Amino acid sequence: MSRYLVNIWETVSTLIIGLGVTFKHMLHIRRGYVTLQYPEEKWPRPERKIGFDHNDYNVIRSRLHVDIDDCIGCMKCARACPVGCIHITTVKVPKGVDLGTTSNDTKKRLLVTRFDIDMSECMYCNLCTYPCPESCIYMTGGPNSGKHPIDYEFSEYDRSNLIYRFANISPEEVERITTPPAKPETEGVKA
Amino acid sequence: MVLNIGPQHPSTHGVLRLKVKTDGEIVSEITPIIGYLHRCFEKHCENLSYEQVIPYTDRCDYIASMNNNFGYVVAVEEMMGIEVPERVEFIRVIMAELNRIASHLLALGTYGLDIGAFTPFLYMFRDRERILDLLEMTCGARLLYNYMWVGGLSHDLPVGFVEAAYDFLDYFEPKVKEYNDLLTYNKIFIERTADIGVMPAEVAINYGVTGPNLRGSGVAWDLRKAEPYSVYDRFEFNIPVGQGIVGTVGDCWDRYWVRVQEMLESVKIVRQALQQMPSEGDVHAALPKKVRPPKGSIYKRTESPRGDLGYYIISTGKPVPYRVKMRSPAFTALSVLDEIARGWMISDVLAILGSLDIVLGEIDR
């Protein structure tokens, strides 16, 4: 009998203790304390200095981006990718054709005709961004994102839209550049 | 009667099917059927370089990815004989322990959910969120980090991390009392878990169960103390073991309680690590140019939140491992289910399963 009463007492008292916790939270409720009303409010975008110094490196992993003007077609990122979602095709250009230089003053020797990243396959491991000698491939929010807005909403209605094509060079233009010129043509390629 | 639980069932924590043979409402045999989450981790590893395996280890135990990374990089480093800088070791320990807290919070919260307590789940997820924010601040990802590299880290701690971590620890410690009030000492919860699914220490050892499940049975075995790897020998912490406070030693409540206590021990470790961590140091200093371990093999185990996580790596001297075998603690924890759940009711099976804290991503790999 006494066990029976003790059980009832324990049940009621522990329930009241538990309810006390929730009640305290109810009293101290503040708007925006925990829940973020997502479509109306959004997470603040990281405002960190952006640079290659480790303290400045901003590492949100939202989407890969390539500054194709800086790409030299070395394929290091494609080799580093564990899932192989980066597809690069390069074409050798004949002698005398100047493809310009990157922002690191490296001479570009290969014409990048295709630079596709299938973001639906990407596993967001960030491994491709480290070996890049020109630091032109990065997750948005990475070192070069001063040039781009930091964003994180990249959903698409169609899966094919997730294949990002960065090389914006037309086949005609490739043809024009790669045919050995009669006269040395040195106009910069808009790649 | 044969009853099928799963594969799509909220309390199986993943995709697990249990074939339960019952006699009335009493369970006479349980056959776990696994493999629904099989992603060929070990086969993938045979075709990937050593660095590229790391993001795959993330995806095994996706609730405590840092600990998985940790075990793998420690194994490869020992193979190659790399001495990593001290700062790296401390950052790794901090990350692993924070992730352990996050993992235990999820385990406890969903355990309450399995048994019918919804509120603690929300409270625990609120606090887990803060840990995930800390980890996101550090490495940019919330769940699958790929933060630890062979010989170092992908990058250093961000500015302000140490203060944020202290803030979190100060915030978190009093919260444990809140969980205790809400769930641990709740009479209804105790009735559902105390004396249920008792796992005697011999059974646990015979089945190779490790981690909080083994400690819940009263065996003080923790690899962080028993075989200290990294810098774990420099910290003061206790190994909480099940004492049978409300029931028998080794019941569901003990396994639950050990996890609650372990979170406090992890808080202690993180505090000490933050204090002892050298403030300067290049986390890339010991990165090898090429990760190419010499011919040979290694078995290295570390203490993940679920127990004894081992990696067996065979190298033939090529940049690609010949074989990576992962010894998953959750797998052994699942294998003991049949033994300890026999003779209990169907509703107790879910309580026992939840208390084992399995992650199917790690079991199936």
# chains A, B, ... in the order shown; residues from 1 in each chain; ligands from 1
call {"tool": "interface_residues", "arguments": {"of": "chain B", "to": "chain A", "cutoff": "9 Å", "atoms": "only C-alpha atoms", "output": "MDAnalysis selection string"}}
result
chainID B and resid 48:49 51:56 119 126 136:141 144:147 154:159 178:183 185:188
call {"tool": "write_last_selection", "arguments": {"atoms": "N, CA and C atoms", "output": "compact mmCIF listing (two decimals), in the first residue's frame"}}
result
# COMPACT_ATOMS: atom_id res chain seq x y z
N LEU B 48 39.79 5.12 -54.08
CA LEU B 48 39.98 6.53 -53.78
C LEU B 48 41.32 6.71 -53.09
N SER B 49 41.89 7.89 -53.28
CA SER B 49 43.14 8.14 -52.58
C SER B 49 42.84 8.35 -51.10
N GLU B 51 43.21 10.78 -49.05
CA GLU B 51 42.49 11.99 -48.63
C GLU B 51 41.04 11.91 -49.02
N GLN B 52 40.78 11.29 -50.17
CA GLN B 52 39.40 11.28 -50.66
C GLN B 52 38.51 10.34 -49.86
N VAL B 53 39.12 9.46 -49.05
CA VAL B 53 38.31 8.57 -48.23
C VAL B 53 37.63 9.35 -47.11
N ILE B 54 38.29 10.44 -46.66
CA ILE B 54 37.81 11.14 -45.47
C ILE B 54 36.35 11.59 -45.59
N PRO B 55 35.95 12.25 -46.70
CA PRO B 55 34.52 12.59 -46.78
C PRO B 55 33.60 11.38 -46.76
N TYR B 56 34.10 10.22 -47.16
CA TYR B 56 33.25 9.03 -47.09
C TYR B 56 33.10 8.54 -45.65
N THR B 119 8.76 16.60 -25.56
CA THR B 119 9.36 17.88 -25.19
C THR B 119 10.88 17.84 -25.08
N ARG B 126 17.46 22.02 -29.60
CA ARG B 126 17.79 23.45 -29.51
C ARG B 126 19.26 23.61 -29.14
N GLU B 136 29.89 24.64 -37.75
CA GLU B 136 29.74 25.30 -39.04
C GLU B 136 30.67 26.49 -39.14
N MET B 137 30.76 27.19 -38.03
CA MET B 137 31.66 28.34 -37.98
C MET B 137 33.09 27.89 -38.26
N THR B 138 33.44 26.69 -37.79
CA THR B 138 34.80 26.23 -37.94
C THR B 138 35.07 25.73 -39.35
N CYS B 139 34.20 24.87 -39.85
CA CYS B 139 34.57 24.22 -41.09
C CYS B 139 33.54 24.41 -42.20
N GLY B 140 32.49 25.13 -41.96
CA GLY B 140 31.60 25.46 -43.07
C GLY B 140 30.50 24.46 -43.30
N ALA B 141 30.55 23.32 -42.63
CA ALA B 141 29.51 22.32 -42.85
C ALA B 141 28.87 21.99 -41.51
N LEU B 144 28.51 17.05 -42.28
CA LEU B 144 29.54 16.23 -42.92
C LEU B 144 30.76 17.11 -43.13
N TYR B 145 31.71 16.99 -42.20
CA TYR B 145 32.66 18.07 -42.05
C TYR B 145 33.86 18.00 -42.97
N ASN B 146 34.46 16.82 -43.09
CA ASN B 146 35.72 16.70 -43.81
C ASN B 146 36.72 17.72 -43.28
N TYR B 147 36.81 17.84 -41.99
CA TYR B 147 37.62 18.88 -41.38
C TYR B 147 39.02 18.38 -41.08
N SER B 154 41.87 21.01 -42.17
CA SER B 154 41.70 21.74 -43.42
C SER B 154 41.97 23.22 -43.22
N HIS B 155 41.59 23.76 -42.08
CA HIS B 155 42.02 25.12 -41.77
C HIS B 155 41.92 25.35 -40.27
N ASP B 156 42.47 26.49 -39.88
CA ASP B 156 42.57 26.80 -38.46
C ASP B 156 41.21 27.21 -37.91
N LEU B 157 41.15 27.32 -36.60
CA LEU B 157 39.92 27.80 -35.96
C LEU B 157 39.65 29.23 -36.40
N PRO B 158 38.40 29.59 -36.57
CA PRO B 158 38.12 30.98 -36.93
C PRO B 158 38.32 31.91 -35.75
N VAL B 159 38.40 33.18 -36.04
CA VAL B 159 38.53 34.18 -34.97
C VAL B 159 37.26 34.13 -34.12
N GLU B 178 18.20 20.63 -16.62
CA GLU B 178 16.89 20.73 -17.26
C GLU B 178 16.49 19.39 -17.88
N TYR B 179 17.42 18.75 -18.54
CA TYR B 179 17.10 17.44 -19.14
C TYR B 179 16.75 16.44 -18.05
N ASN B 180 17.51 16.51 -16.96
CA ASN B 180 17.24 15.56 -15.88
C ASN B 180 15.85 15.77 -15.32
N ASP B 181 15.47 17.04 -15.15
CA ASP B 181 14.14 17.32 -14.64
C ASP B 181 13.07 16.85 -15.62
N LEU B 182 13.35 17.10 -16.88
CA LEU B 182 12.32 16.81 -17.87
C LEU B 182 12.16 15.31 -18.10
N LEU B 183 13.30 14.62 -18.22
CA LEU B 183 13.21 13.25 -18.70
C LEU B 183 13.85 12.23 -17.76
N TYR B 185 14.68 11.79 -14.58
CA TYR B 185 14.08 11.31 -13.34
C TYR B 185 12.56 11.32 -13.40
N ASN B 186 12.04 11.46 -14.60
CA ASN B 186 10.59 11.40 -14.73
C ASN B 186 10.11 9.99 -14.45
N LYS B 187 9.08 9.88 -13.65
CA LYS B 187 8.66 8.54 -13.21
C LYS B 187 8.16 7.68 -14.38
N ILE B 188 7.48 8.33 -15.29
CA ILE B 188 6.95 7.55 -16.42
C ILE B 188 8.11 7.01 -17.25
call {"tool": "residues_around", "arguments": {"residues": "Ala75 in chain B", "least_positions_apart": "5", "cutoff": "10 Å", "atoms": "only C-alpha atoms", "output": "compact mmCIF listing (two decimals) with N, CA and C atoms, in the first residue's frame"}}
result
# COMPACT_ATOMS: atom_id res chain seq x y z
N ASN B 69 36.17 10.95 -38.77
CA ASN B 69 37.37 11.50 -39.39
C ASN B 69 38.58 11.26 -38.51
N PHE B 70 38.37 11.48 -37.23
CA PHE B 70 39.44 11.40 -36.26
C PHE B 70 40.07 10.01 -36.30
N MET B 80 51.99 6.37 -41.38
CA MET B 80 53.03 7.14 -42.05
C MET B 80 54.04 7.71 -41.07
N GLY B 81 53.78 7.57 -39.79
CA GLY B 81 54.70 8.12 -38.79
C GLY B 81 54.72 9.63 -38.75
N VAL B 150 44.77 14.20 -43.12
CA VAL B 150 45.93 13.41 -42.70
C VAL B 150 47.07 14.38 -42.46
N SER B 297 50.09 -2.82 -42.78
CA SER B 297 48.70 -2.66 -42.38
C SER B 297 48.65 -2.14 -40.96
N ILE B 298 47.50 -1.64 -40.60
CA ILE B 298 47.36 -1.09 -39.26
C ILE B 298 45.92 -1.28 -38.82
N TYR B 299 45.76 -1.51 -37.54
CA TYR B 299 44.42 -1.46 -36.96
C TYR B 299 44.46 -0.45 -35.84
N LYS B 300 43.66 0.59 -35.98
CA LYS B 300 43.67 1.65 -34.97
C LYS B 300 42.24 1.88 -34.53
N ARG B 301 42.06 1.94 -33.24
CA ARG B 301 40.71 2.18 -32.77
C ARG B 301 40.64 3.42 -31.91
N THR B 302 39.54 4.08 -32.00
CA THR B 302 39.31 5.27 -31.22
C THR B 302 37.92 5.18 -30.60
N GLY B 310 37.01 1.16 -35.05
CA GLY B 310 38.32 0.75 -35.52
C GLY B 310 38.45 0.85 -37.02
N TYR B 311 39.64 1.18 -37.47
CA TYR B 311 39.92 1.17 -38.90
C TYR B 311 41.07 0.22 -39.16
N TYR B 312 40.85 -0.69 -40.06
CA TYR B 312 41.92 -1.58 -40.47
C TYR B 312 42.29 -1.19 -41.89
N ILE B 313 43.50 -0.74 -42.06
CA ILE B 313 43.92 -0.23 -43.36
C ILE B 313 45.10 -1.06 -43.85
call {"tool": "residues_around", "arguments": {"residues": "Cys77 in chain A", "least_positions_apart": "4", "cutoff": "12 Å", "atoms": "only C-alpha atoms", "output": "PyMOL selection string"}}
result
chain A and resi 64+66+71-73+81-88+115-117+125-138
call {"tool": "atom_distance", "arguments": {"atom1": "CA of Ile115 in chain B", "atom2": "CA of Ala351 in chain B"}}
result
6.4 Å
call {"tool": "select_by_dssp", "arguments": {"residues": "range 95-252 of chain B", "states": "strand (DSSP E)", "output": "list in words"}}
result
Met148, Trp149, Gly152 and Leu153 of chain B
call {"tool": "write_last_selection", "arguments": {"atoms": "all heavy atoms", "output": "PDB file, in the first residue's frame"}}
result
ATOM      1  N   MET B 148      39.137  17.129 -40.643  1.00  0.00           N
ATOM      2  CA  MET B 148      40.454  16.630 -40.277  1.00  0.00           C
ATOM      3  C   MET B 148      41.119  16.034 -41.491  1.00  0.00           C
ATOM      4  O   MET B 148      40.511  15.256 -42.221  1.00  0.00           O
ATOM      5  CB  MET B 148      40.307  15.576 -39.191  1.00  0.00           C
ATOM      6  CG  MET B 148      39.752  16.163 -37.929  1.00  0.00           C
ATOM      7  SD  MET B 148      39.566  14.963 -36.664  1.00  0.00           S
ATOM      8  CE  MET B 148      38.570  15.868 -35.505  1.00  0.00           C
ATOM      9  N   TRP B 149      42.353  16.415 -41.680  1.00  0.00           N
ATOM     10  CA  TRP B 149      43.114  15.880 -42.786  1.00  0.00           C
ATOM     11  C   TRP B 149      44.230  15.015 -42.238  1.00  0.00           C
ATOM     12  O   TRP B 149      44.592  15.135 -41.063  1.00  0.00           O
ATOM     13  CB  TRP B 149      43.729  17.009 -43.599  1.00  0.00           C
ATOM     14  CG  TRP B 149      42.762  17.672 -44.509  1.00  0.00           C
ATOM     15  CD1 TRP B 149      41.430  17.424 -44.621  1.00  0.00           C
ATOM     16  CD2 TRP B 149      43.065  18.706 -45.419  1.00  0.00           C
ATOM     17  NE1 TRP B 149      40.898  18.261 -45.559  1.00  0.00           N
ATOM     18  CE2 TRP B 149      41.860  19.043 -46.061  1.00  0.00           C
ATOM     19  CE3 TRP B 149      44.233  19.384 -45.765  1.00  0.00           C
ATOM     20  CZ2 TRP B 149      41.803  20.033 -47.036  1.00  0.00           C
ATOM     21  CZ3 TRP B 149      44.164  20.358 -46.728  1.00  0.00           C
ATOM     22  CH2 TRP B 149      42.972  20.677 -47.359  1.00  0.00           C
ATOM     23  N   GLY B 152      46.906  17.031 -40.367  1.00  0.00           N
ATOM     24  CA  GLY B 152      46.521  18.375 -39.952  1.00  0.00           C
ATOM     25  C   GLY B 152      45.037  18.576 -40.022  1.00  0.00           C
ATOM     26  O   GLY B 152      44.250  17.655 -39.810  1.00  0.00           O
ATOM     27  N   LEU B 153      44.683  19.806 -40.307  1.00  0.00           N
ATOM     28  CA  LEU B 153      43.265  20.160 -40.420  1.00  0.00           C
ATOM     29  C   LEU B 153      43.101  20.936 -41.712  1.00  0.00           C
ATOM     30  O   LEU B 153      44.066  21.467 -42.258  1.00  0.00           O
ATOM     31  CB  LEU B 153      42.853  21.045 -39.245  1.00  0.00           C
ATOM     32  CG  LEU B 153      43.044  20.470 -37.856  1.00  0.00           C
ATOM     33  CD1 LEU B 153      42.919  21.576 -36.836  1.00  0.00           C
ATOM     34  CD2 LEU B 153      42.019  19.404 -37.594  1.00  0.00           C
TER      35      LEU B 153
END
call {"tool": "select_by_dssp", "arguments": {"residues": "range 8-230 of chain B", "states": "helix (DSSP H, G or I)", "output": "ChimeraX atom specification"}}
result
/B:10-12,41-45,50-58,65-80,86-115,119-139,161-184,187-193,201-207,212-216,223-226
call {"tool": "residues_around", "arguments": {"residues": "Thr193 in chain B", "least_positions_apart": "4", "cutoff": "7 Å", "atoms": "only C-alpha atoms", "output": "ChimeraX atom specification"}}
result
/B:189,252-253,351
call {"tool": "write_last_selection", "arguments": {"atoms": "C-alpha atoms", "output": "compact mmCIF listing (two decimals), in the first residue's frame"}}
result
# COMPACT_ATOMS: atom_id res chain seq x y z
CA PHE B 189 10.28 7.42 -18.20
CA CYS B 252 18.00 0.84 -20.56
CA TRP B 253 17.94 3.64 -18.02
CA ALA B 351 12.83 1.05 -25.79
call {"tool": "residues_around", "arguments": {"residues": "Arg59 in chain B", "least_positions_apart": "4", "cutoff": "9 Å", "atoms": "only C-alpha atoms", "output": "short mmCIF file (atom, residue, chain, number, x, y, z; two decimals) with N, CA and C atoms, in the first residue's frame"}}
result
data_model
loop_
_atom_site.label_atom_id
_atom_site.label_comp_id
_atom_site.auth_asym_id
_atom_site.auth_seq_id
_atom_site.Cartn_x
_atom_site.Cartn_y
_atom_site.Cartn_z
N PHE B 41 30.94 1.58 -48.76
CA PHE B 41 32.03 2.42 -48.26
C PHE B 41 33.38 1.75 -48.48
N PRO B 55 35.95 12.25 -46.70
CA PRO B 55 34.52 12.59 -46.78
C PRO B 55 33.60 11.38 -46.76
N ILE B 63 26.11 11.20 -37.60
CA ILE B 63 25.75 12.03 -36.45
C ILE B 63 27.00 12.49 -35.72
N SER B 65 30.37 12.86 -37.26
CA SER B 65 31.34 12.74 -38.35
C SER B 65 32.76 13.05 -37.91
N ASN B 68 34.52 10.11 -36.68
CA ASN B 68 34.89 9.17 -37.73
C ASN B 68 36.14 9.64 -38.45
N LEU B 144 28.51 17.05 -42.28
CA LEU B 144 29.54 16.23 -42.92
C LEU B 144 30.76 17.11 -43.13
N GLY B 361 23.63 4.28 -40.74
CA GLY B 361 24.66 4.63 -41.72
C GLY B 361 25.96 3.94 -41.42
N GLU B 362 26.22 3.72 -40.16
CA GLU B 362 27.47 3.10 -39.77
C GLU B 362 27.37 1.57 -39.83
N ARG B 365 27.15 0.90 -43.71
CA ARG B 365 28.30 1.51 -44.39
C ARG B 365 28.09 1.65 -45.88
#
call {"tool": "atom_distance", "arguments": {"atom1": "CA of Trp257 in chain B", "atom2": "CA of Gly242 in chain B"}}
result
7.3 Å
call {"tool": "atom_distance", "arguments": {"atom1": "CA of Gly6 in chain B", "atom2": "CA of Leu18 in chain B"}}
result
6.4 Å
call {"tool": "closest_residue", "arguments": {"among": "B:Ile269, B:Gln275, B:Asp133, B:Pro240", "to": "Val162 in chain B", "atoms": "only C-alpha atoms"}}
result
B:Gln275
call {"tool": "residues_around", "arguments": {"residues": "Ile131 in chain B", "least_positions_apart": "4", "cutoff": "8 Å", "atoms": "only C-alpha atoms", "output": "ChimeraX atom specification"}}
result
/B:98-99,102,127,135,168
call {"tool": "closest_residue", "arguments": {"among": "B:Phe121, B:Asp195, B:Met1, B:Gly109", "to": "Ile26 in chain B", "atoms": "only C-alpha atoms"}}
result
B:Met1
call {"tool": "residues_around", "arguments": {"residues": "Glu86 in chain B", "least_positions_apart": "6", "cutoff": "8 Å", "atoms": "only C-alpha atoms", "output": "count of residues only"}}
result
3
call {"tool": "decode", "arguments": {"residues": "range 212-236 of chain B", "atoms": "N, CA, C and O atoms", "output": "compact mmCIF listing (two decimals), in the first residue's frame"}}
result
# COMPACT_ATOMS: atom_id res chain seq x y z
N PRO B 212 29.15 3.62 -24.62
CA PRO B 212 28.20 3.84 -23.52
C PRO B 212 27.38 2.61 -23.20
O PRO B 212 26.99 2.42 -22.04
N ASN B 213 27.13 1.75 -24.17
CA ASN B 213 26.34 0.55 -23.89
C ASN B 213 27.08 -0.38 -22.93
O ASN B 213 26.50 -0.96 -22.02
N LEU B 214 28.40 -0.51 -23.16
CA LEU B 214 29.19 -1.36 -22.27
C LEU B 214 29.32 -0.70 -20.90
O LEU B 214 29.21 -1.35 -19.86
N ARG B 215 29.55 0.60 -20.91
CA ARG B 215 29.71 1.30 -19.63
C ARG B 215 28.40 1.30 -18.85
O ARG B 215 28.41 1.30 -17.63
N GLY B 216 27.29 1.27 -19.57
CA GLY B 216 26.01 1.17 -18.89
C GLY B 216 25.90 -0.13 -18.12
O GLY B 216 25.19 -0.22 -17.12
N SER B 217 26.62 -1.16 -18.60
CA SER B 217 26.59 -2.44 -17.90
C SER B 217 27.58 -2.49 -16.76
O SER B 217 27.79 -3.55 -16.17
N GLY B 218 28.24 -1.39 -16.48
CA GLY B 218 29.09 -1.33 -15.32
C GLY B 218 30.56 -1.60 -15.58
O GLY B 218 31.31 -1.76 -14.63
N VAL B 219 30.97 -1.67 -16.83
CA VAL B 219 32.38 -1.91 -17.13
C VAL B 219 33.02 -0.57 -17.49
O VAL B 219 32.58 0.08 -18.43
N ALA B 220 34.00 -0.18 -16.75
CA ALA B 220 34.63 1.12 -17.00
C ALA B 220 35.67 0.98 -18.09
O ALA B 220 36.87 0.90 -17.82
N TRP B 221 35.24 0.89 -19.30
CA TRP B 221 36.17 0.73 -20.42
C TRP B 221 35.97 1.87 -21.38
O TRP B 221 34.91 2.02 -22.00
N ASP B 222 36.98 2.70 -21.47
CA ASP B 222 36.92 3.84 -22.37
C ASP B 222 38.29 3.93 -23.02
O ASP B 222 39.30 4.03 -22.32
N LEU B 223 38.31 3.91 -24.35
CA LEU B 223 39.61 3.93 -25.02
C LEU B 223 40.36 5.22 -24.77
O LEU B 223 41.58 5.25 -24.86
N ARG B 224 39.63 6.27 -24.45
CA ARG B 224 40.32 7.53 -24.18
C ARG B 224 41.18 7.41 -22.94
O ARG B 224 42.15 8.13 -22.76
N LYS B 225 40.79 6.51 -22.02
CA LYS B 225 41.60 6.28 -20.83
C LYS B 225 42.47 5.04 -20.99
O LYS B 225 43.61 5.01 -20.57
N ALA B 226 41.89 4.01 -21.58
CA ALA B 226 42.57 2.72 -21.61
C ALA B 226 43.73 2.73 -22.60
O ALA B 226 44.79 2.18 -22.33
N GLU B 227 43.52 3.33 -23.76
CA GLU B 227 44.58 3.40 -24.77
C GLU B 227 44.60 4.81 -25.29
O GLU B 227 44.14 5.06 -26.40
N PRO B 228 45.11 5.75 -24.53
CA PRO B 228 44.96 7.15 -24.94
C PRO B 228 45.61 7.43 -26.29
O PRO B 228 46.78 7.12 -26.49
N TYR B 229 44.83 7.91 -27.21
CA TYR B 229 45.36 8.36 -28.49
C TYR B 229 45.33 9.87 -28.47
O TYR B 229 44.75 10.46 -27.57
N SER B 230 45.95 10.47 -29.46
CA SER B 230 46.01 11.93 -29.53
C SER B 230 46.49 12.49 -28.19
O SER B 230 47.45 11.97 -27.63
N VAL B 231 45.83 13.49 -27.64
CA VAL B 231 46.30 14.07 -26.38
C VAL B 231 45.35 13.78 -25.24
O VAL B 231 45.29 14.51 -24.28
N TYR B 232 44.61 12.68 -25.34
CA TYR B 232 43.62 12.41 -24.30
C TYR B 232 44.24 12.11 -22.95
O TYR B 232 43.57 12.17 -21.92
N ASP B 233 45.53 11.75 -22.93
CA ASP B 233 46.13 11.45 -21.64
C ASP B 233 46.38 12.70 -20.82
O ASP B 233 46.77 12.61 -19.66
N ARG B 234 46.16 13.88 -21.40
CA ARG B 234 46.44 15.10 -20.64
C ARG B 234 45.21 15.68 -19.95
O ARG B 234 45.29 16.74 -19.34
N PHE B 235 44.09 15.02 -20.09
CA PHE B 235 42.88 15.60 -19.51
C PHE B 235 42.41 14.78 -18.33
O PHE B 235 42.61 13.58 -18.26
N GLU B 236 41.77 15.49 -17.43
CA GLU B 236 41.17 14.86 -16.27
C GLU B 236 39.70 14.64 -16.56
O GLU B 236 38.97 15.60 -16.80
